[in-house]
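Okay, structure first, notes after.
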Amino acid sequence: MNMTWRWYGEGNDNITLDHIRQIPGVMGIVWSLHDKVAGEVWEMERIQEVADQITSKGFSTAVVESVNVHDDIKIGLPSRDQYIDIYIDTIRKLAKVGVKVICYNFMPVFDWTRTELYKELPDGSNALFYEKAAITDDPRQMVDRILKGAGKFTMPGWEPERLARLDELFAAYADVTEDKLFDNLKYFLERIIPVCEESDIKMAIHPDDPAWPIFGLPRIVRSRETIRRILDAVSSPYNGLTFCTGSLGSNPENDLPAMIREFHDRIHFAHIRNVKVFENGDFIEVSHRGKDGSVDVPEIVRAYHENGYQGYVRPDHGRHLWGEEKNCRPGYGLYDRALGVMYLLGVWDSLSQGKGVK
Ligand code: DNO
């Protein structure tokens, strides 16, 4: 497994590349041009500038998370072709700085959703929480609540500029059913995958988080069947997955190790983290340790290990510890993610004893 770390860029993250260098085993930085909105052109100079910062500290630039997909592509408007052309231009440029995997999502309107950013855990740390009953038909309430509770950093996909257009966005998705969204994803993939094959960049779709429809919007990456349908729709290995155990693990019906065993050769990026799911369906993000939550993290690592997984991995989210609350991006502090790296590598290394699996 090739361990990586998500970094939001200079001046946009409280964690520096020098901090990350001190976490054992991290080989690559997962990066993006975070100020770019979906559909905007990525200039080569900007790409090169961030890639140089990353490589100058000895890290690989192989994973970009995310190049966001414009809503017109998800909705299937005639203007989608022009946005797909821009996406293709970005893929070609990213290939020039050694990018091998692009993580993206196809969730309408929102990226991942939580109802509380700093819910206290029994040990006094705090973490992202999802309360089912707090998600009503009115997304505006949720948005106000999240923006009010936020510190100096936002959650990805919850940028205030974007949320200001909420009513307009909801109206635009009014006729988009699950099947229509799926067809629009297929259309997008059919256009970009040949370019990915030429450029040797693998697309890795991120599952919906939580793994069910919210606010009446369709969600199509949430279970074994829905994932199989997407991978079969365009059968190239360049059409692959970001397998996020926290997102898919929000629904206890998802048998995560079995899904890894089925999809491993199409998983290009693994987000490994734990969630504790309560009986009423609420869930909270907890430490990576298997025993602390509902996701059997050692079994997840074992499923990758037994398949000789060589792809990219990141510890994904962590709790906020030791004064991090509101001083780091929600879910993206330094300490718990660093503990997560060590836990994941610990399990991996113990499985590798004497077997020579890197
Ligand atoms: C959350 C992330 C997601 C992910 C996007 C990919 O922490 O995993 O925001 O980056 O869904 O486009």
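Convention: chains lettered A, B, ... in structure tokens order; per-chain residue numbering from 1; ligands numbered from 1 as shown.
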
Mind checking which residues fall within 12 Å of Gln22 (chain A), counting only C-alpha atoms, ignoring those fewer than 4 positions away in the same chain, and posting them as a PDB file with C-alpha atoms, in the first residue's frame?
```pdb
ATOM      1  CA  TRP A   5      -1.839  12.434   3.012  1.00  0.00           C
ATOM      2  CA  ILE A  15      -0.529  21.581   8.427  1.00  0.00           C
ATOM      3  CA  THR A  16       2.677  22.028   6.448  1.00  0.00           C
ATOM      4  CA  LEU A  17       4.617  19.672   4.204  1.00  0.00           C
ATOM      5  CA  ASP A  18       7.353  19.710   6.861  1.00  0.00           C
ATOM      6  CA  VAL A  26       3.797   8.853   3.978  1.00  0.00           C
ATOM      7  CA  MET A  27       5.036   8.827   0.390  1.00  0.00           C
ATOM      8  CA  LYS A  57       9.886  17.881  -0.085  1.00  0.00           C
ATOM      9  CA  GLY A  58      10.372  14.431  -1.580  1.00  0.00           C
ATOM     10  CA  LEU A 334      -2.889  16.429  12.141  1.00  0.00           C
ATOM     11  CA  TYR A 335      -2.850  14.169  15.175  1.00  0.00           C
ATOM     12  CA  ALA A 338      -1.143  10.601  11.927  1.00  0.00           C
ATOM     13  CA  VAL A 341      -1.385   6.215   9.391  1.00  0.00           C
ATOM     14  CA  MET A 342       0.557   4.354  12.053  1.00  0.00           C
TER      15      MET A 342
END
```

| message | Give me the residues near Lys180 (chain A) as a PyMOL selection string, where near means some atom within 10 Å (using only C-alpha atoms) and where sequence neighbours in that chain fewer than 3 positions away do not count. | response | chain A and resi 74-76+175-177+183-186+218

Neighbours of ligand 1 at 7 Å or closer, counting only C-alpha atoms and all ligand atoms: which residues, as a short mmCIF file (atom, residue, chain, number, x, y, z; two decimals) with C-alpha atoms, in the first residue's frame?
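Contents of out_14.cif, as written:
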```cif
data_model
loop_
_atom_site.label_atom_id
_atom_site.label_comp_id
_atom_site.auth_asym_id
_atom_site.auth_seq_id
_atom_site.Cartn_x
_atom_site.Cartn_y
_atom_site.Cartn_z
CA GLU A 65 -8.51 14.95 -5.01
CA SER A 66 -10.61 16.43 -6.50
CA VAL A 67 -11.17 17.78 -9.95
CA ASN A 68 -14.81 18.68 -9.33
CA CYS A 103 -10.54 11.20 -7.20
CA TYR A 104 -13.91 12.84 -7.97
CA ASN A 105 -17.52 12.54 -6.95
CA ASP A 111 -20.36 16.70 -1.33
CA TRP A 112 -20.26 14.80 1.99
CA PRO A 156 -14.92 20.58 0.99
CA GLY A 157 -18.04 21.18 -1.12
CA HIS A 206 -15.80 8.63 -4.50
CA ASP A 316 -9.04 9.96 5.44
CA HIS A 317 -10.65 11.79 8.36
#
```

| query | When DSSP works through the backbone of this structure, what residues of region 86-248 of chain A end up as helix (DSSP H, G or I), shown as number ranges by chain? | reply | A: 86-95, 132-134, 139-149, 160-163, 166-172, 178-199, 224-233, 245-248

Per DSSP on the backbone, what are the strand (DSSP E or B) residues of region 129-263 of chain A, as a PDB file with N, CA and C atoms, in the first residue's frame?
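Generated file (part.pdb):
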```
ATOM      1  N   PHE A 129     -20.227  14.452  13.071  1.00  0.00           N
ATOM      2  CA  PHE A 129     -21.376  13.635  13.485  1.00  0.00           C
ATOM      3  C   PHE A 129     -22.498  13.802  12.475  1.00  0.00           C
ATOM      4  N   TYR A 130     -23.249  12.738  12.260  1.00  0.00           N
ATOM      5  CA  TYR A 130     -24.423  12.794  11.375  1.00  0.00           C
ATOM      6  C   TYR A 130     -25.632  12.307  12.146  1.00  0.00           C
ATOM      7  N   LYS A 202      -5.906   7.272 -13.918  1.00  0.00           N
ATOM      8  CA  LYS A 202      -7.097   6.483 -13.581  1.00  0.00           C
ATOM      9  C   LYS A 202      -8.112   7.345 -12.835  1.00  0.00           C
ATOM     10  N   MET A 203      -9.360   7.242 -13.234  1.00  0.00           N
ATOM     11  CA  MET A 203     -10.431   7.961 -12.541  1.00  0.00           C
ATOM     12  C   MET A 203     -10.917   7.090 -11.382  1.00  0.00           C
ATOM     13  N   ALA A 204     -11.157   7.746 -10.230  1.00  0.00           N
ATOM     14  CA  ALA A 204     -11.557   6.996  -9.032  1.00  0.00           C
ATOM     15  C   ALA A 204     -12.749   7.707  -8.400  1.00  0.00           C
ATOM     16  N   ILE A 205     -13.938   7.215  -8.677  1.00  0.00           N
ATOM     17  CA  ILE A 205     -15.145   7.888  -8.168  1.00  0.00           C
ATOM     18  C   ILE A 205     -15.290   7.639  -6.667  1.00  0.00           C
ATOM     19  N   ASN A 239     -11.652   3.386 -15.459  1.00  0.00           N
ATOM     20  CA  ASN A 239     -12.888   3.778 -14.768  1.00  0.00           C
ATOM     21  C   ASN A 239     -12.909   3.015 -13.441  1.00  0.00           C
ATOM     22  N   GLY A 240     -12.424   3.647 -12.385  1.00  0.00           N
ATOM     23  CA  GLY A 240     -12.279   2.940 -11.118  1.00  0.00           C
ATOM     24  C   GLY A 240     -12.883   3.683  -9.945  1.00  0.00           C
ATOM     25  N   LEU A 241     -12.479   3.219  -8.787  1.00  0.00           N
ATOM     26  CA  LEU A 241     -13.112   3.638  -7.531  1.00  0.00           C
ATOM     27  C   LEU A 241     -12.143   4.257  -6.533  1.00  0.00           C
ATOM     28  N   THR A 242     -12.670   5.195  -5.729  1.00  0.00           N
ATOM     29  CA  THR A 242     -12.053   5.527  -4.446  1.00  0.00           C
ATOM     30  C   THR A 242     -12.900   4.757  -3.451  1.00  0.00           C
ATOM     31  N   PHE A 243     -12.327   3.781  -2.791  1.00  0.00           N
ATOM     32  CA  PHE A 243     -13.133   2.982  -1.870  1.00  0.00           C
ATOM     33  C   PHE A 243     -13.027   3.590  -0.474  1.00  0.00           C
ATOM     34  N   CYS A 244     -14.094   4.292  -0.071  1.00  0.00           N
ATOM     35  CA  CYS A 244     -14.072   5.012   1.204  1.00  0.00           C
ATOM     36  C   CYS A 244     -14.877   4.224   2.235  1.00  0.00           C
TER      37      CYS A 244
END
```

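Counting only C-alpha atoms, Ile54 (chain A) has the following residues at most 12 Å away, ignoring those fewer than 5 positions along the same chain: Thr4, Trp5, Arg6, Trp7, Tyr8, Gly9, Glu10, Thr16, Leu17, Asp18, Ile20, Arg21, Met27, Gly28, Ile29, Val30, Trp31, Ser32, Ile47, Gln48, Glu49, Phe59, Ser60, Thr61, Ala62, Val63, Val97 and Gly98 of chain A.
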
Mind dumping a table of every region 154-251 of chain A residue within 12 Å of region 259-281 of chain A, with the nearest atom pair and its distance in Å to one decimal, using only C-alpha atoms, sorted by chain and rising number, as a tab-separated table?
```
residue	atom	partner	partner_atom	distance
A:Ile201	CA	A:His268	CA	10.2
A:Lys202	CA	A:His268	CA	7.2
A:Met203	CA	A:His268	CA	7.9
A:Ala204	CA	A:His268	CA	6.2
A:Ile205	CA	A:Phe269	CA	9.2
A:His206	CA	A:Phe269	CA	9.1
A:Pro207	CA	A:His271	CA	10.4
A:Asp209	CA	A:Val275	CA	11.9
A:Pro210	CA	A:Gly281	CA	10.5
A:Ala211	CA	A:Gly281	CA	11.4
A:Trp212	CA	A:Gly281	CA	11.3
A:Arg222	CA	A:Met259	CA	11.5
A:Ser223	CA	A:Met259	CA	8.8
A:Arg224	CA	A:Met259	CA	6.4
A:Glu225	CA	A:Met259	CA	9.9
A:Thr226	CA	A:Met259	CA	11.6
A:Ile227	CA	A:Phe263	CA	8.9
A:Arg228	CA	A:Phe263	CA	8.3
A:Arg229	CA	A:Phe263	CA	11.9
A:Ile230	CA	A:Arg266	CA	11.1
A:Leu231	CA	A:Arg266	CA	8.0
A:Asp232	CA	A:Arg266	CA	10.8
A:Val234	CA	A:Arg266	CA	11.7
A:Ser235	CA	A:Arg266	CA	9.7
A:Ser236	CA	A:Arg266	CA	9.1
A:Pro237	CA	A:Arg266	CA	6.0
A:Tyr238	CA	A:Arg266	CA	7.9
A:Asn239	CA	A:Arg266	CA	7.4
A:Gly240	CA	A:Arg266	CA	4.7
A:Leu241	CA	A:Ile267	CA	4.7
A:Thr242	CA	A:Phe269	CA	4.7
A:Phe243	CA	A:Ala270	CA	4.9
A:Cys244	CA	A:His271	CA	4.4
A:Thr245	CA	A:Ile272	CA	5.5
A:Gly246	CA	A:Arg273	CA	5.4
A:Ser247	CA	A:Val275	CA	8.7
A:Leu248	CA	A:Val275	CA	9.9
A:Gly249	CA	A:Val275	CA	6.9
A:Ser250	CA	A:Val277	CA	6.5
A:Asn251	CA	A:Val277	CA	8.0
```

| So, counting only C-alpha atoms, which residue among A:Met3, A:Val109, A:Leu344, A:Ala133 is closest to Ala174 (chain A)? |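 When distances to Ala174 (chain A) are compared using only C-alpha atoms, the smallest one comes from A:Val109.
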
| query | Closest to Gln310 (chain A) among A:Ser287, A:Gln353, A:Asn2, A:Ser199, using only C-alpha atoms? | reply |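 Comparing A:Ser287, A:Gln353, A:Asn2, A:Ser199 against Gln310 (chain A), the winner is A:Asn2.
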